[in-house]
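Chemist: Pasting data01.cif below, which is mmCIF, C-alpha atoms.
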data_run
#
loop_
_atom_site.label_atom_id
_atom_site.label_comp_id
_atom_site.auth_asym_id
_atom_site.auth_seq_id
_atom_site.Cartn_x
_atom_site.Cartn_y
_atom_site.Cartn_z
CA MET A 22 -12.83 -58.64 45.18
CA LEU A 23 -12.57 -61.86 47.23
CA GLU A 24 -15.08 -60.42 49.65
CA GLN A 25 -17.50 -59.90 46.76
CA LEU A 26 -16.90 -63.40 45.40
CA ASP A 27 -17.47 -64.95 48.83
CA GLN A 28 -20.91 -63.31 48.93
CA ILE A 29 -22.11 -65.12 45.80
CA ASN A 30 -24.71 -67.74 46.65
CA GLY A 31 -23.05 -71.14 46.18
CA VAL A 32 -19.45 -69.96 46.75
CA THR A 33 -17.95 -71.61 49.81
CA THR A 34 -14.69 -69.66 49.60
CA SER A 35 -12.49 -67.74 47.21
CA SER A 36 -8.75 -67.22 47.35
CA ALA A 37 -5.90 -65.71 45.37
CA ASN A 38 -2.46 -67.03 44.56
CA HIS A 39 0.74 -65.24 45.63
CA SER A 40 0.77 -62.82 42.70
CA GLY A 41 -2.99 -62.24 42.82
CA GLY A 42 -3.14 -63.21 39.15
CA ILE A 43 -5.14 -66.38 39.71
CA ILE A 44 -8.38 -66.48 41.67
CA ARG A 45 -9.69 -69.81 42.99
CA ILE A 46 -13.40 -70.20 43.69
CA SER A 47 -14.69 -73.21 45.61
CA VAL A 48 -18.32 -74.03 44.98
CA ALA A 49 -20.74 -75.84 47.31
CA ASP A 50 -21.67 -79.38 46.25
CA ASP A 51 -25.35 -78.48 45.86
CA ALA A 52 -24.74 -75.24 43.92
CA LEU A 53 -25.37 -74.85 40.22
CA ARG A 54 -21.83 -74.35 38.94
CA ALA A 55 -22.89 -72.53 35.77
CA ASP A 56 -24.89 -69.97 37.77
CA VAL A 57 -22.00 -69.41 40.19
CA ALA A 58 -19.57 -69.08 37.27
CA LYS A 59 -21.74 -66.43 35.59
CA LYS A 60 -22.02 -64.37 38.78
CA ALA A 61 -18.30 -64.75 39.51
CA HIS A 62 -17.50 -63.67 35.97
CA LEU A 63 -19.56 -60.50 36.48
CA VAL A 64 -17.77 -59.70 39.75
CA LEU A 65 -14.36 -60.26 38.18
CA ALA A 66 -15.20 -58.21 35.09
CA ALA A 67 -16.54 -55.38 37.28
CA ASN A 68 -13.13 -55.33 38.97
CA ASP A 69 -11.33 -55.00 35.62
CA ALA A 70 -10.21 -58.64 35.65
CA LYS A 71 -10.20 -60.68 32.48
CA PRO A 72 -11.47 -64.01 33.75
CA SER A 73 -10.66 -67.26 32.02
CA ARG A 74 -11.17 -70.77 33.29
CA LEU A 75 -8.19 -73.02 33.91
CA SER A 76 -8.62 -76.65 32.99
CA GLY A 77 -6.59 -79.80 32.58
CA ASP A 78 -2.91 -79.65 33.47
CA LYS A 79 -2.99 -75.88 34.07
CA SER A 80 -5.73 -76.33 36.64
CA ILE A 81 -3.96 -79.20 38.40
CA LYS A 82 -0.68 -77.29 38.44
CA ALA A 83 -2.33 -74.18 39.89
CA LEU A 84 -4.17 -76.16 42.57
CA THR A 85 -1.09 -78.07 43.70
CA GLN A 86 1.75 -75.58 43.23
CA GLU A 87 0.25 -72.24 44.24
CA THR A 88 -0.06 -70.86 47.74
CA TRP A 89 -3.67 -69.78 48.20
CA ARG A 90 -4.82 -66.95 50.45
CA GLY A 91 -8.44 -66.24 51.25
CA ILE A 92 -9.88 -62.93 52.41
CA ASP A 93 -8.48 -63.58 55.88
CA ARG A 94 -4.90 -63.67 54.51
CA ILE A 95 -5.02 -61.41 51.46
CA ASN A 96 -3.32 -58.53 53.26
CA GLU A 97 -0.17 -60.64 53.28
CA LEU A 98 -0.12 -60.16 49.50
CA SER A 99 -0.75 -56.43 49.82
CA ALA A 100 2.09 -56.11 52.33
CA ILE A 101 4.47 -57.94 49.96
CA GLU A 102 3.39 -55.75 47.06
CA PHE A 103 3.74 -52.46 48.95
CA ARG A 104 7.18 -53.49 50.23
CA THR A 105 8.26 -54.34 46.68
CA ILE A 106 6.97 -51.00 45.38
CA ILE A 107 8.80 -49.09 48.13
CA ILE A 108 12.11 -50.84 47.38
CA ASP A 109 11.72 -50.37 43.60
CA ARG A 110 11.00 -46.67 43.98
CA LEU A 111 13.92 -46.25 46.36
CA LYS A 112 16.22 -47.89 43.80
CA MET A 113 14.92 -45.50 41.15
CA PHE A 114 15.48 -42.52 43.46
CA ALA A 115 19.05 -43.68 44.15
CA LYS A 116 19.69 -44.14 40.42
CA ASN A 117 18.30 -40.69 39.60
CA GLU A 118 20.47 -39.20 42.34
CA LYS A 119 23.49 -41.11 40.97
CA MET A 120 24.18 -42.72 44.33
CA SER A 121 26.84 -45.39 44.65
CA GLN A 122 25.83 -49.03 44.90
CA GLU A 123 27.15 -49.09 48.47
CA VAL A 124 24.91 -46.19 49.54
CA THR A 125 21.97 -47.65 47.61
CA ASP A 126 22.43 -51.00 49.40
CA GLN A 127 22.54 -49.23 52.77
CA LEU A 128 19.36 -47.32 51.97
CA ILE A 129 17.59 -50.49 50.86
CA LYS A 130 18.61 -52.22 54.10
CA ILE A 131 17.26 -49.28 56.12
CA ALA A 132 14.01 -49.34 54.11
CA LYS A 133 13.55 -53.09 54.63
CA ASN A 134 14.21 -52.73 58.36
CA SER A 135 11.77 -49.80 58.57
CA TRP A 136 9.12 -51.86 56.76
CA GLU A 137 9.62 -54.86 59.05
CA ALA A 138 9.45 -52.69 62.17
CA GLN A 139 6.21 -51.07 60.99
CA ALA A 140 4.73 -54.32 59.68
CA LYS A 141 3.83 -55.38 63.19
CA SER A 142 1.12 -52.70 63.20
CA ILE A 143 -0.72 -54.21 60.20
CA ASP A 144 -3.68 -56.43 60.96
CA ILE A 145 -3.33 -58.94 58.13
CA LYS A 146 -6.82 -60.26 58.80
CA VAL A 147 -8.41 -56.96 57.76
CA PRO A 148 -9.27 -56.88 54.05
CA PRO A 149 -6.83 -54.70 52.03
CA HIS A 150 -9.52 -52.21 51.08
CA LYS A 151 -10.17 -51.61 54.80
CA THR A 152 -6.50 -51.35 55.81
CA GLY A 153 -4.92 -47.93 56.31
CA TRP A 154 -2.15 -48.48 53.77
CA THR A 155 -1.52 -44.76 53.25
CA LYS A 156 -0.98 -44.23 56.97
CA HIS A 157 1.19 -47.34 57.22
CA CYS A 158 3.36 -46.44 54.21
CA ARG A 159 3.72 -42.87 55.48
CA SER A 160 4.94 -44.20 58.85
CA VAL A 161 7.47 -46.40 57.06
CA ALA A 162 8.61 -43.48 54.91
CA ASP A 163 8.99 -41.15 57.91
CA ALA A 164 11.00 -43.73 59.86
CA PHE A 165 13.13 -44.50 56.81
CA ILE A 166 13.91 -40.87 56.00
CA GLU A 167 14.86 -40.14 59.59
CA GLU A 168 17.26 -43.09 59.72
CA ALA A 169 18.64 -42.43 56.22
CA LYS A 170 19.46 -38.74 56.82
CA PRO A 171 23.17 -39.39 57.54
CA LEU A 172 23.50 -40.93 54.05
CA LEU A 173 21.65 -38.16 52.20
CA SER A 174 22.34 -34.53 51.43
CA ASP A 175 19.86 -31.92 52.65
CA ALA A 176 18.59 -31.57 49.08
CA GLN A 177 18.11 -35.35 48.76
CA VAL A 178 16.18 -35.45 52.04
CA ARG A 179 13.98 -32.61 50.80
CA ASP A 180 13.44 -34.32 47.41
CA LEU A 181 12.69 -37.67 49.04
CA LYS A 182 10.15 -36.09 51.40
CA ALA A 183 8.49 -34.33 48.45
CA ALA A 184 8.36 -37.57 46.46
CA VAL A 185 6.77 -39.39 49.40
CA ARG A 186 4.16 -36.64 49.85
CA ASN A 187 3.29 -36.80 46.13
CA GLU A 188 2.95 -40.59 46.22
CA MET A 189 0.76 -40.72 49.30
CA VAL A 190 -2.17 -38.56 48.46
CA GLU A 191 -5.21 -39.75 50.38
CA PRO A 192 -7.78 -41.47 48.14
#
Translate the structure of the given file into structure tokens.
Modeler:
Amino acid sequence: MLEQLDQINGVTTSSANHSGGIIRISVADDALRADVAKKAHLVLAANDAKPSRLSGDKSIKALTQETWRGIDRINELSAIEFRTIIIDRLKMFAKNEKMSQEVTDQLIKIAKNSWEAQAKSIDIKVPPHKTGWTKHCRSVADAFIEEAKPLLSDAQVRDLKAAVRNEMVEP
């Protein structure tokens, strides 16, 4: 979406906050702000966003307290999100399997280490829609499952592999 916003005539740059819930659009001094706003609104709406303009204290707070990432850094947000999803799903798997907290903590540690080891292969300057997230997540899952085998029964390994395959269907 940021790539589309950056292509609007009059937009100098667009960026997203850490959660991706707020989009910031910087407009060139000589641009007609109303025209840029209309075009940006169309892009946001086409991407299922519900745009609303921040003003006053909300605007000042967002500008000063948020960490902004443009298209060149947006994959950092995607990496954070995918890591969070992986950990959340692992916790759910452990809960469904009635694993102890100790085993769950060990599995989470292995998953985090697997993610960090694989993270070096991500080019964070490539836009998220051009990044091979499925391949990356599959590599993390394969490394994790291999390292976690001593903590899992054969049936749990089989179920975890099946769950990973179901989650990572190519788009």
Chemist: What would the selection look like, as a short mmCIF file (atom, residue, chain, number, x, y, z; two decimals) with C-alpha atoms, keeping the file's coordinate frame, if the PyMOL selection byres ((chain A and resi 158-172) around 9) were run on the coordinates I just shared?
Modeler:
data_model
loop_
_atom_site.label_atom_id
_atom_site.label_comp_id
_atom_site.auth_asym_id
_atom_site.auth_seq_id
_atom_site.Cartn_x
_atom_site.Cartn_y
_atom_site.Cartn_z
CA PHE A 103 3.74 -52.46 48.95
CA ARG A 104 7.18 -53.49 50.23
CA ILE A 107 8.80 -49.09 48.13
CA VAL A 124 24.91 -46.19 49.54
CA GLN A 127 22.54 -49.23 52.77
CA LEU A 128 19.36 -47.32 51.97
CA ILE A 131 17.26 -49.28 56.12
CA ALA A 132 14.01 -49.34 54.11
CA LYS A 133 13.55 -53.09 54.63
CA ASN A 134 14.21 -52.73 58.36
CA SER A 135 11.77 -49.80 58.57
CA TRP A 136 9.12 -51.86 56.76
CA GLU A 137 9.62 -54.86 59.05
CA ALA A 138 9.45 -52.69 62.17
CA GLN A 139 6.21 -51.07 60.99
CA ALA A 140 4.73 -54.32 59.68
CA GLY A 153 -4.92 -47.93 56.31
CA TRP A 154 -2.15 -48.48 53.77
CA THR A 155 -1.52 -44.76 53.25
CA LYS A 156 -0.98 -44.23 56.97
CA HIS A 157 1.19 -47.34 57.22
CA LEU A 173 21.65 -38.16 52.20
CA SER A 174 22.34 -34.53 51.43
CA ASP A 175 19.86 -31.92 52.65
CA GLN A 177 18.11 -35.35 48.76
CA VAL A 178 16.18 -35.45 52.04
CA LEU A 181 12.69 -37.67 49.04
CA LYS A 182 10.15 -36.09 51.40
CA VAL A 185 6.77 -39.39 49.40
CA ARG A 186 4.16 -36.64 49.85
CA MET A 189 0.76 -40.72 49.30
#
Chemist: Do you know which residues are at most 9 Å from region 52-67 of chain A counting all atoms listed in the file, after dropping those on the same chain fewer than 6 positions away, and could you put them as a list in words?
Modeler: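 Listing them by chain and then by number gives Met22, Gln25, Leu26, Ile29, Asn30, Gly31, Val32, Ile46 and Ser73 of chain A.
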Chemist: Could those selected residues go to a file with C-alpha atoms, as a compact mmCIF listing (two decimals), in the frame of the given file?
Modeler:
# COMPACT_ATOMS: atom_id res chain seq x y z
CA MET A 22 -12.83 -58.64 45.18
CA GLN A 25 -17.50 -59.90 46.76
CA LEU A 26 -16.90 -63.40 45.40
CA ILE A 29 -22.11 -65.12 45.80
CA ASN A 30 -24.71 -67.74 46.65
CA GLY A 31 -23.05 -71.14 46.18
CA VAL A 32 -19.45 -69.96 46.75
CA ILE A 46 -13.40 -70.20 43.69
CA SER A 73 -10.66 -67.26 32.02
Chemist: Would you compute the distance between CA of Val48 (chain A) and CA of Ala83 (chain A)? Give it in Å to one decimal.
Modeler: 16.8 Å
Chemist: For a quick check of understanding, using all atoms listed in the file, which of A:Ser80, A:Arg45, A:His39, A:Lys119 has the smallest distance to Ala100 (chain A)?
Modeler: A:His39
Chemist: So which residues touch Glu24 (chain A) within 9 Å, counting only C-alpha atoms, skipping near sequence neighbours fewer than 2 positions away, as a list in words?
Modeler: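 Within the cut-off, the hits are Met22, Leu26, Asp27, Gln28, Ser35, Gly91, Ile92 and Pro148 of chain A.
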Chemist: Using the partial input, fill out region 124-135 of chain A with all heavy atoms; write the result as a PDB file, in the coordinates of the input.
Modeler:
ATOM      1  N   VAL A 124      25.908 -47.030  48.875  1.00  0.00           N
ATOM      2  CA  VAL A 124      24.910 -46.190  49.540  1.00  0.00           C
ATOM      3  C   VAL A 124      23.510 -46.713  49.241  1.00  0.00           C
ATOM      4  O   VAL A 124      22.660 -46.798  50.134  1.00  0.00           O
ATOM      5  CB  VAL A 124      25.060 -44.708  49.130  1.00  0.00           C
ATOM      6  CG1 VAL A 124      23.892 -43.871  49.636  1.00  0.00           C
ATOM      7  CG2 VAL A 124      26.377 -44.147  49.646  1.00  0.00           C
ATOM      8  N   THR A 125      23.273 -47.098  47.990  1.00  0.00           N
ATOM      9  CA  THR A 125      21.970 -47.650  47.610  1.00  0.00           C
ATOM     10  C   THR A 125      21.662 -48.892  48.447  1.00  0.00           C
ATOM     11  O   THR A 125      20.547 -49.023  48.976  1.00  0.00           O
ATOM     12  CB  THR A 125      21.946 -48.000  46.108  1.00  0.00           C
ATOM     13  OG1 THR A 125      22.200 -46.812  45.354  1.00  0.00           O
ATOM     14  CG2 THR A 125      20.604 -48.593  45.707  1.00  0.00           C
ATOM     15  N   ASP A 126      22.634 -49.779  48.592  1.00  0.00           N
ATOM     16  CA  ASP A 126      22.430 -51.000  49.400  1.00  0.00           C
ATOM     17  C   ASP A 126      22.122 -50.656  50.851  1.00  0.00           C
ATOM     18  O   ASP A 126      21.260 -51.290  51.478  1.00  0.00           O
ATOM     19  CB  ASP A 126      23.652 -51.907  49.317  1.00  0.00           C
ATOM     20  CG  ASP A 126      23.840 -52.531  47.939  1.00  0.00           C
ATOM     21  OD1 ASP A 126      22.879 -52.510  47.128  1.00  0.00           O
ATOM     22  OD2 ASP A 126      24.957 -53.033  47.672  1.00  0.00           O
ATOM     23  N   GLN A 127      22.807 -49.651  51.391  1.00  0.00           N
ATOM     24  CA  GLN A 127      22.540 -49.230  52.770  1.00  0.00           C
ATOM     25  C   GLN A 127      21.131 -48.680  52.911  1.00  0.00           C
ATOM     26  O   GLN A 127      20.432 -48.983  53.884  1.00  0.00           O
ATOM     27  CB  GLN A 127      23.565 -48.182  53.220  1.00  0.00           C
ATOM     28  CG  GLN A 127      24.961 -48.726  53.423  1.00  0.00           C
ATOM     29  CD  GLN A 127      25.957 -47.623  53.770  1.00  0.00           C
ATOM     30  OE1 GLN A 127      25.595 -46.614  54.370  1.00  0.00           O
ATOM     31  NE2 GLN A 127      27.207 -47.812  53.382  1.00  0.00           N
ATOM     32  N   LEU A 128      20.714 -47.880  51.932  1.00  0.00           N
ATOM     33  CA  LEU A 128      19.360 -47.320  51.970  1.00  0.00           C
ATOM     34  C   LEU A 128      18.299 -48.413  51.865  1.00  0.00           C
ATOM     35  O   LEU A 128      17.283 -48.365  52.569  1.00  0.00           O
ATOM     36  CB  LEU A 128      19.177 -46.300  50.839  1.00  0.00           C
ATOM     37  CG  LEU A 128      19.973 -44.997  50.975  1.00  0.00           C
ATOM     38  CD1 LEU A 128      19.831 -44.163  49.714  1.00  0.00           C
ATOM     39  CD2 LEU A 128      19.532 -44.219  52.201  1.00  0.00           C
ATOM     40  N   ILE A 129      18.545 -49.384  51.009  1.00  0.00           N
ATOM     41  CA  ILE A 129      17.590 -50.490  50.860  1.00  0.00           C
ATOM     42  C   ILE A 129      17.497 -51.280  52.169  1.00  0.00           C
ATOM     43  O   ILE A 129      16.401 -51.646  52.607  1.00  0.00           O
ATOM     44  CB  ILE A 129      17.985 -51.388  49.680  1.00  0.00           C
ATOM     45  CG1 ILE A 129      17.742 -50.633  48.367  1.00  0.00           C
ATOM     46  CG2 ILE A 129      17.206 -52.707  49.692  1.00  0.00           C
ATOM     47  CD1 ILE A 129      18.317 -51.304  47.140  1.00  0.00           C
ATOM     48  N   LYS A 130      18.620 -51.506  52.807  1.00  0.00           N
ATOM     49  CA  LYS A 130      18.610 -52.220  54.100  1.00  0.00           C
ATOM     50  C   LYS A 130      17.816 -51.431  55.139  1.00  0.00           C
ATOM     51  O   LYS A 130      17.001 -52.003  55.869  1.00  0.00           O
ATOM     52  CB  LYS A 130      20.040 -52.442  54.581  1.00  0.00           C
ATOM     53  CG  LYS A 130      20.124 -53.226  55.863  1.00  0.00           C
ATOM     54  CD  LYS A 130      21.552 -53.487  56.279  1.00  0.00           C
ATOM     55  CE  LYS A 130      21.562 -54.284  57.580  1.00  0.00           C
ATOM     56  NZ  LYS A 130      22.935 -54.523  58.046  1.00  0.00           N
ATOM     57  N   ILE A 131      18.018 -50.122  55.187  1.00  0.00           N
ATOM     58  CA  ILE A 131      17.260 -49.280  56.120  1.00  0.00           C
ATOM     59  C   ILE A 131      15.767 -49.357  55.796  1.00  0.00           C
ATOM     60  O   ILE A 131      14.927 -49.483  56.696  1.00  0.00           O
ATOM     61  CB  ILE A 131      17.757 -47.819  56.070  1.00  0.00           C
ATOM     62  CG1 ILE A 131      19.180 -47.731  56.635  1.00  0.00           C
ATOM     63  CG2 ILE A 131      16.812 -46.894  56.835  1.00  0.00           C
ATOM     64  CD1 ILE A 131      19.865 -46.386  56.369  1.00  0.00           C
ATOM     65  N   ALA A 132      15.424 -49.282  54.512  1.00  0.00           N
ATOM     66  CA  ALA A 132      14.010 -49.340  54.110  1.00  0.00           C
ATOM     67  C   ALA A 132      13.381 -50.676  54.510  1.00  0.00           C
ATOM     68  O   ALA A 132      12.262 -50.719  55.030  1.00  0.00           O
ATOM     69  CB  ALA A 132      13.880 -49.116  52.606  1.00  0.00           C
ATOM     70  N   LYS A 133      14.080 -51.772  54.266  1.00  0.00           N
ATOM     71  CA  LYS A 133      13.550 -53.090  54.630  1.00  0.00           C
ATOM     72  C   LYS A 133      13.359 -53.193  56.143  1.00  0.00           C
ATOM     73  O   LYS A 133      12.333 -53.708  56.614  1.00  0.00           O
ATOM     74  CB  LYS A 133      14.484 -54.195  54.138  1.00  0.00           C
ATOM     75  CG  LYS A 133      14.424 -54.399  52.642  1.00  0.00           C
ATOM     76  CD  LYS A 133      15.383 -55.492  52.184  1.00  0.00           C
ATOM     77  CE  LYS A 133      15.302 -55.705  50.682  1.00  0.00           C
ATOM     78  NZ  LYS A 133      16.255 -56.731  50.221  1.00  0.00           N
ATOM     79  N   ASN A 134      14.329 -52.691  56.898  1.00  0.00           N
ATOM     80  CA  ASN A 134      14.210 -52.730  58.360  1.00  0.00           C
ATOM     81  C   ASN A 134      13.054 -51.849  58.844  1.00  0.00           C
ATOM     82  O   ASN A 134      12.324 -52.225  59.765  1.00  0.00           O
ATOM     83  CB  ASN A 134      15.526 -52.305  59.019  1.00  0.00           C
ATOM     84  CG  ASN A 134      16.623 -53.335  58.845  1.00  0.00           C
ATOM     85  OD1 ASN A 134      16.363 -54.503  58.561  1.00  0.00           O
ATOM     86  ND2 ASN A 134      17.859 -52.907  59.001  1.00  0.00           N
ATOM     87  N   SER A 135      12.887 -50.678  58.211  1.00  0.00           N
ATOM     88  CA  SER A 135      11.770 -49.800  58.570  1.00  0.00           C
ATOM     89  C   SER A 135      10.438 -50.478  58.280  1.00  0.00           C
ATOM     90  O   SER A 135       9.500 -50.404  59.072  1.00  0.00           O
ATOM     91  CB  SER A 135      11.852 -48.480  57.785  1.00  0.00           C
ATOM     92  OG  SER A 135      12.995 -47.757  58.130  1.00  0.00           O
TER      93      SER A 135
END
